[in-house]
Amino acid sequence: MENVKVEICCGTACYLLGAANMMNIEDQLPESWRGRVEVEAKTCLELCERENLGGAPYVRINGTEIMAQATPDKLLTRIGELLEGAA
Amino acid sequence: MINGSTFIRRELMIRLVRAFDAGVLESEIDRIPIKLRPKNERASRCCVYHDRAILKYRLMALLGISVEEEVDEAKPLSAYYAERAWTGEGGESVQPKTPLSVCGPACSGCPDARVVSTQNCRGCFARPCVYTCPKKAIEVVDGHSVIDQKLCIKCGRCIAACPYNAIVKTTVPCEEACPVGAIKKNDLGVAEIDFDRCIFCGKCFNACPFAAVMERSQLVDVLAAMKRGEKLVAMIAPAAEKQFPGKIEQLLAACAKAGFSDVMEVALGAEMTTAHETAEFIERMEKDPKTFMTTSCCPAWVNLVGKHMPELIDHVSLTPSPMVYARELAKKKDPSVKTVFIGPCVAKRSEARRKDVDYVLSFEELGAILAGRKIDVIACEPWPVERPANPTARNYARSCGVTDAVLTEATAKIPGFKLDSKQINGIDKKTCMMVKLHASGKVPVNFLEVMACPGGCQNGPCSLVK
C-alpha cells in the first residue's frame, strides 16, 4: 500500500476556476485514509497553457497523473481507487 | 463556490486578458465562441450555435457593452472593440449607467411561480394538504391532489404539511431574489430589468441558474489604460481578506506586479469613514435624541433609499464611503493618478459613477488579470505597506463591522456611550419591511446598519469565495 501524493494547482487561473473548493480536501478525507494522503498546494503547474484553460482546475496525482476539471468529489474517488485498489 | 455560470464567466475573462496581452484581441475575439463550442462537440444548450450566440453576448458584456442597447445583430465583437478605441490614445473611462445587462437568448423564461402537486402524491386518507390550505384551493381528483391556481396564494402550508414531499413550489429565481421587483419577464417571456427600479444589488446576477444576468465589465478599459501607460491605483476593498490565497499584503504586491502604479487598502478610507460617521452620529443625537441614523457605505442600500424609500433620505449618514475616502487619499498622494476600486460589489459601479472613481473591477476580474499574467498571490513577497489598516476598518466587510467601528470610536470619545443599534443583514423583500418598521418608530433604534449582502460585503455578488 503506497501513499498517494496530491498536488493541487493554486495558480490564479486554477484557483479562480475551482481549486478554491479543494483547499480543504484534507479535512474531507475519511479517518482510515489519514496519514496516507499527502496534499500539497502548488503554484501554477502551467497545465492551463499547455493543456487547455477549460480543463482547469488541474490536480497532479503521484507526480505523473493529471486530473482535469478536478472537483473535491472526483479527487476523493480517485484517491480511494488508488488506496483501496492497491489494498 | 464554483458552478457552471461562474466557470464560464471566469474562463472568458482569462481568455480576454490573455488575448489582449498577446495583442490579438481584436483579431481573435470573434473566434472565442467558436473555439469554446466547436461543431461536433457537445453543447450546453440545444446546440453549439445557441451556445455561441450566448457566448458572444457574454463577451459583449465583458467589453462593457449593454446587450439591451444592441442595434445591429450582425455587428461582430471586433467592431465593438475597435469602436471603443481602446488601442488608441485618450481612451475615456466611463462607468456604465446600468452596470447590469440581461442576455435574452440565455434567459430560460422560467414558468411563473406556482405551488403544484407532483407525482409523489399518494392521495392519502388524512389529506393534510386539503385541511391545512387556508384558501380551500386543494381538491383530490382521481386519487391525486390538485391545486386550483386561481385560489392558491402560495403560502406554502401544504408543502410543509405533506408527509410525502409531494408538493413543490416552482420559482422564477431572478424575480424571487429581487428585493424591489425590478426584474420581470416581458411579453416574450424574457427577463428584463427596469433600471428605474433596480438598485444594482446583484441578487439576480447570482440567482439566475442560466447566468442570463451579466455585469458590464471595465476589464478591457483597465487593461487598455495600463497599456497606454496611465498611472492606475488599485484600491482593494476590505472584503478581499481570504478571497485569494495568501495575505492582503501579498495581494497588494500581486496587483503591483500586474501593472498598477500604486496599491492601497480601502480599509484606510474606512478609518476615515469611522471617524466622520461617529462624529456625525454624536452630533445628530445631540440635536435630536429621538432620531436615528443609518449607514451610507453600502451602495445598494443607498440606491434602495434613493429609489424606493425617499422618506428615509435625511436619515442616511452624509459621511462618504470608504471607497470615496480611499480615492481622496490616492489623489492627494498623486493628483495625476486614476483610481480603480476592486471589490465584490455590483452596486459600487453605480457609486463610482457618482463619486468620480475611474474604474471598478470585481475580484473575479482582478483574478482574471492575475491569472492571465501568470501571477500567483502566494508566490508574491508581501507589499511593504506604510502601515496596515486598523483591524476595525478591515472588518467593514462583515455584517456588524461598521457598527463595531463606530461604537469603538464613540466610546473612546465619550466613555459609557450607548448605541441602540440594529443590523439589517442582507436586503430582501422581508428586510425591506423591517427597515420600514424601524423608520416608522415601531421598532426603536438609533443606529441602523444596512448591508445588502447577508454577512456583509465578504459575501458580495462578485466575491470569489463565500
# chains A, B, ... in the order shown; residues from 1 in each chain; ligands from 1
>>> interface_residues(of="chain A", to="chain B", cutoff="6 Å", atoms="only C-alpha atoms", output="number ranges by chain")
A: 11-13, 17-18
>>> write_last_selection(atoms="N, CA and C atoms", output="PDB file, in the first residue's frame")
ATOM      1  N   GLY A  11      -2.353  28.008  -8.930  1.00  0.00           N
ATOM      2  CA  GLY A  11      -2.123  29.147  -9.801  1.00  0.00           C
ATOM      3  C   GLY A  11      -3.433  29.911  -9.869  1.00  0.00           C
ATOM      4  N   THR A  12      -3.357  31.208 -10.158  1.00  0.00           N
ATOM      5  CA  THR A  12      -4.573  32.009 -10.054  1.00  0.00           C
ATOM      6  C   THR A  12      -5.673  31.500 -10.981  1.00  0.00           C
ATOM      7  N   ALA A  13      -5.312  31.001 -12.176  1.00  0.00           N
ATOM      8  CA  ALA A  13      -6.341  30.510 -13.100  1.00  0.00           C
ATOM      9  C   ALA A  13      -7.079  29.325 -12.493  1.00  0.00           C
ATOM     10  N   LEU A  17     -10.967  28.988 -11.158  1.00  0.00           N
ATOM     11  CA  LEU A  17     -11.860  28.064 -11.856  1.00  0.00           C
ATOM     12  C   LEU A  17     -12.192  26.830 -11.022  1.00  0.00           C
ATOM     13  N   GLY A  18     -11.950  26.896  -9.725  1.00  0.00           N
ATOM     14  CA  GLY A  18     -12.458  25.825  -8.877  1.00  0.00           C
ATOM     15  C   GLY A  18     -11.510  25.252  -7.839  1.00  0.00           C
TER      16      GLY A  18
END
>>> select_by_dssp(residues="chain A", states="alpha helix (DSSP H)", output="count of residues only")
24
>>> closest_residue(among="B:Phe447, B:Phe205, B:Tyr49, B:Phe125", to="Gly460 in chain B", atoms="only C-alpha atoms")
B:Phe205
>>> closest_residue(among="A:Glu2, A:Arg78, A:Leu53, A:Arg60", to="Met13 in chain B", atoms="only C-alpha atoms")
A:Leu53
>>> residues_around(residues="range 53-59 of chain B", least_positions_apart="6", cutoff="7 Å", atoms="only C-alpha atoms", output="PyMOL selection string")
chain B and resi 33+67+103+105-106
>>> write_last_selection(atoms="N, CA and C atoms", output="short mmCIF file (atom, residue, chain, number, x, y, z; two decimals), in the first residue's frame")
data_model
loop_
_atom_site.label_atom_id
_atom_site.label_comp_id
_atom_site.auth_asym_id
_atom_site.auth_seq_id
_atom_site.Cartn_x
_atom_site.Cartn_y
_atom_site.Cartn_z
N PRO B 33 -16.05 32.34 -29.19
CA PRO B 33 -17.23 31.47 -29.05
C PRO B 33 -17.10 30.16 -29.84
N VAL B 67 -26.26 44.66 -23.66
CA VAL B 67 -26.96 43.84 -24.65
C VAL B 67 -28.29 44.48 -25.03
N CYS B 103 -28.92 38.89 -20.83
CA CYS B 103 -28.68 38.20 -22.09
C CYS B 103 -29.95 37.44 -22.45
N PRO B 105 -31.07 35.61 -25.06
CA PRO B 105 -31.01 34.21 -25.51
C PRO B 105 -30.61 33.22 -24.40
N ALA B 106 -29.99 33.73 -23.34
CA ALA B 106 -29.61 32.83 -22.25
C ALA B 106 -30.77 32.62 -21.29
#
>>> atom_distance(atom1="CA of Glu176 in chain B", atom2="CA of Cys110 in chain B")
11.5 Å
>>> select_by_dssp(residues="range 1-73 of chain A", states="strand (DSSP E)", output="PyMOL selection string")
chain A and resi 4-9+37-42+59-61+65-67
>>> residues_around(residues="range 21-36 of chain A", least_positions_apart="5", cutoff="8 Å", atoms="only C-alpha atoms", output="number ranges by chain")
A: 2-4, 8, 41, 71-72, 76, 83; B: 1-2
>>> residues_around(residues="Ile61 in chain A", least_positions_apart="3", cutoff="10 Å", atoms="only C-alpha atoms", output="list in words")
Val4, Lys5, Val6, Glu7, Ile8, Glu38, Val39, Tyr58, Thr64, Glu65, Ile66, Met67, Leu75, Arg78, Ile79 and Leu82 of chain A
>>> write_last_selection(atoms="C-alpha atoms", output="mmCIF file, in the first residue's frame")
data_model
loop_
_atom_site.group_PDB
_atom_site.id
_atom_site.type_symbol
_atom_site.label_atom_id
_atom_site.label_comp_id
_atom_site.auth_asym_id
_atom_site.auth_seq_id
_atom_site.Cartn_x
_atom_site.Cartn_y
_atom_site.Cartn_z
ATOM 1 C CA VAL A 4 -0.927 8.975 -2.561
ATOM 2 C CA LYS A 5 0.587 12.329 -3.347
ATOM 3 C CA VAL A 6 -1.838 15.017 -4.495
ATOM 4 C CA GLU A 7 -0.623 18.331 -5.876
ATOM 5 C CA ILE A 8 -3.392 20.902 -6.259
ATOM 6 C CA GLU A 38 -0.079 13.841 1.084
ATOM 7 C CA VAL A 39 -1.704 17.050 -0.149
ATOM 8 C CA TYR A 58 -5.801 20.762 -12.554
ATOM 9 C CA THR A 64 2.529 11.981 -13.269
ATOM 10 C CA GLU A 65 -1.227 11.521 -13.460
ATOM 11 C CA ILE A 66 -3.094 14.700 -14.429
ATOM 12 C CA MET A 67 -6.681 15.229 -13.429
ATOM 13 C CA LEU A 75 -10.449 13.743 -6.370
ATOM 14 C CA ARG A 78 -9.600 8.727 -7.393
ATOM 15 C CA ILE A 79 -7.681 8.759 -4.124
ATOM 16 C CA LEU A 82 -5.546 4.285 -5.593
#
>>> closest_residue(among="B:Thr170, B:Ser78, B:Thr295, B:Gln250", to="Glu28 in chain B", atoms="only C-alpha atoms")
B:Ser78
>>> residues_around(residues="Leu151 in chain B", least_positions_apart="4", cutoff="12 Å", atoms="only C-alpha atoms", output="list of chain:residue names")
B:Arg114, B:Val115, B:Cys133, B:Pro134, B:Lys135, B:Lys136, B:Ala137, B:Ile138, B:Glu139, B:Val146, B:Ile147, B:Cys155
>>> closest_residue(among="B:Thr403, B:Asn165, B:Thr431, B:Asn206", to="Lys418 in chain B", atoms="only C-alpha atoms")
B:Thr403
>>> residues_around(residues="range 282-292 of chain B", least_positions_apart="5", cutoff="12 Å", atoms="only C-alpha atoms", output="PyMOL selection string")
chain B and resi 275-277+312-318+406-407+409-411+413-414+417-422+435+438-441+443-449
>>> decode(residues="range 18-44 of chain A", atoms="N, CA and C atoms", output="PDB file, in the first residue's frame")
ATOM      1  N   GLY A  18     -11.950  26.896  -9.725  1.00  0.00           N
ATOM      2  CA  GLY A  18     -12.458  25.825  -8.877  1.00  0.00           C
ATOM      3  C   GLY A  18     -11.510  25.252  -7.839  1.00  0.00           C
ATOM      4  N   ALA A  19     -10.204  25.540  -7.959  1.00  0.00           N
ATOM      5  CA  ALA A  19      -9.275  24.972  -6.981  1.00  0.00           C
ATOM      6  C   ALA A  19      -9.577  25.482  -5.573  1.00  0.00           C
ATOM      7  N   ALA A  20     -10.190  26.667  -5.495  1.00  0.00           N
ATOM      8  CA  ALA A  20     -10.537  27.217  -4.179  1.00  0.00           C
ATOM      9  C   ALA A  20     -11.394  26.230  -3.390  1.00  0.00           C
ATOM     10  N   ASN A  21     -12.201  25.446  -4.109  1.00  0.00           N
ATOM     11  CA  ASN A  21     -13.077  24.469  -3.444  1.00  0.00           C
ATOM     12  C   ASN A  21     -12.314  23.275  -2.878  1.00  0.00           C
ATOM     13  N   MET A  22     -11.067  23.095  -3.321  1.00  0.00           N
ATOM     14  CA  MET A  22     -10.328  21.892  -2.906  1.00  0.00           C
ATOM     15  C   MET A  22      -9.280  22.170  -1.828  1.00  0.00           C
ATOM     16  N   MET A  23      -9.226  23.446  -1.409  1.00  0.00           N
ATOM     17  CA  MET A  23      -8.204  23.823  -0.437  1.00  0.00           C
ATOM     18  C   MET A  23      -8.302  23.021   0.862  1.00  0.00           C
ATOM     19  N   ASN A  24      -9.535  22.638   1.212  1.00  0.00           N
ATOM     20  CA  ASN A  24      -9.699  21.936   2.494  1.00  0.00           C
ATOM     21  C   ASN A  24      -9.922  20.435   2.295  1.00  0.00           C
ATOM     22  N   ILE A  25      -9.371  19.901   1.213  1.00  0.00           N
ATOM     23  CA  ILE A  25      -9.617  18.494   0.877  1.00  0.00           C
ATOM     24  C   ILE A  25      -9.136  17.562   1.997  1.00  0.00           C
ATOM     25  N   GLU A  26      -8.080  17.975   2.677  1.00  0.00           N
ATOM     26  CA  GLU A  26      -7.537  17.105   3.736  1.00  0.00           C
ATOM     27  C   GLU A  26      -8.562  16.848   4.842  1.00  0.00           C
ATOM     28  N   ASP A  27      -9.386  17.885   5.098  1.00  0.00           N
ATOM     29  CA  ASP A  27     -10.408  17.718   6.143  1.00  0.00           C
ATOM     30  C   ASP A  27     -11.511  16.754   5.711  1.00  0.00           C
ATOM     31  N   GLN A  28     -11.614  16.543   4.400  1.00  0.00           N
ATOM     32  CA  GLN A  28     -12.699  15.682   3.906  1.00  0.00           C
ATOM     33  C   GLN A  28     -12.284  14.215   3.788  1.00  0.00           C
ATOM     34  N   LEU A  29     -11.017  13.923   4.071  1.00  0.00           N
ATOM     35  CA  LEU A  29     -10.546  12.541   3.942  1.00  0.00           C
ATOM     36  C   LEU A  29     -11.142  11.676   5.050  1.00  0.00           C
ATOM     37  N   PRO A  30     -11.593  10.462   4.705  1.00  0.00           N
ATOM     38  CA  PRO A  30     -12.072   9.559   5.758  1.00  0.00           C
ATOM     39  C   PRO A  30     -10.920   9.226   6.720  1.00  0.00           C
ATOM     40  N   GLU A  31     -11.293   8.927   7.948  1.00  0.00           N
ATOM     41  CA  GLU A  31     -10.322   8.651   9.018  1.00  0.00           C
ATOM     42  C   GLU A  31      -9.242   7.652   8.572  1.00  0.00           C
ATOM     43  N   SER A  32      -9.695   6.568   7.905  1.00  0.00           N
ATOM     44  CA  SER A  32      -8.752   5.482   7.581  1.00  0.00           C
ATOM     45  C   SER A  32      -7.715   5.884   6.522  1.00  0.00           C
ATOM     46  N   TRP A  33      -7.976   6.996   5.809  1.00  0.00           N
ATOM     47  CA  TRP A  33      -7.015   7.428   4.786  1.00  0.00           C
ATOM     48  C   TRP A  33      -5.987   8.411   5.349  1.00  0.00           C
ATOM     49  N   ARG A  34      -6.286   8.935   6.514  1.00  0.00           N
ATOM     50  CA  ARG A  34      -5.398   9.953   7.084  1.00  0.00           C
ATOM     51  C   ARG A  34      -3.991   9.411   7.215  1.00  0.00           C
ATOM     52  N   GLY A  35      -3.046  10.241   6.902  1.00  0.00           N
ATOM     53  CA  GLY A  35      -1.656   9.831   7.006  1.00  0.00           C
ATOM     54  C   GLY A  35      -1.162   9.101   5.760  1.00  0.00           C
ATOM     55  N   ARG A  36      -2.099   8.732   4.902  1.00  0.00           N
ATOM     56  CA  ARG A  36      -1.684   8.018   3.677  1.00  0.00           C
ATOM     57  C   ARG A  36      -1.795   8.911   2.451  1.00  0.00           C
ATOM     58  N   VAL A  37      -2.339  10.090   2.671  1.00  0.00           N
ATOM     59  CA  VAL A  37      -2.510  11.012   1.548  1.00  0.00           C
ATOM     60  C   VAL A  37      -1.723  12.290   1.839  1.00  0.00           C
ATOM     61  N   GLU A  38      -0.898  12.643   0.909  1.00  0.00           N
ATOM     62  CA  GLU A  38      -0.079  13.841   1.084  1.00  0.00           C
ATOM     63  C   GLU A  38      -0.619  14.909   0.129  1.00  0.00           C
ATOM     64  N   VAL A  39      -1.117  16.010   0.697  1.00  0.00           N
ATOM     65  CA  VAL A  39      -1.704  17.050  -0.149  1.00  0.00           C
ATOM     66  C   VAL A  39      -0.804  18.285  -0.146  1.00  0.00           C
ATOM     67  N   GLU A  40      -0.553  18.805  -1.316  1.00  0.00           N
ATOM     68  CA  GLU A  40       0.294  19.986  -1.400  1.00  0.00           C
ATOM     69  C   GLU A  40      -0.350  21.013  -2.338  1.00  0.00           C
ATOM     70  N   ALA A  41      -0.391  22.267  -1.896  1.00  0.00           N
ATOM     71  CA  ALA A  41      -0.872  23.334  -2.768  1.00  0.00           C
ATOM     72  C   ALA A  41       0.327  23.876  -3.542  1.00  0.00           C
ATOM     73  N   LYS A  42       0.248  23.824  -4.869  1.00  0.00           N
ATOM     74  CA  LYS A  42       1.394  24.246  -5.687  1.00  0.00           C
ATOM     75  C   LYS A  42       1.102  25.571  -6.390  1.00  0.00           C
ATOM     76  N   THR A  43       2.148  26.302  -6.678  1.00  0.00           N
ATOM     77  CA  THR A  43       1.962  27.450  -7.567  1.00  0.00           C
ATOM     78  C   THR A  43       1.769  26.885  -8.985  1.00  0.00           C
ATOM     79  N   CYS A  44       1.414  27.742  -9.921  1.00  0.00           N
ATOM     80  CA  CYS A  44       0.951  27.303 -11.250  1.00  0.00           C
ATOM     81  C   CYS A  44       1.752  26.137 -11.837  1.00  0.00           C
TER      82      CYS A  44
END
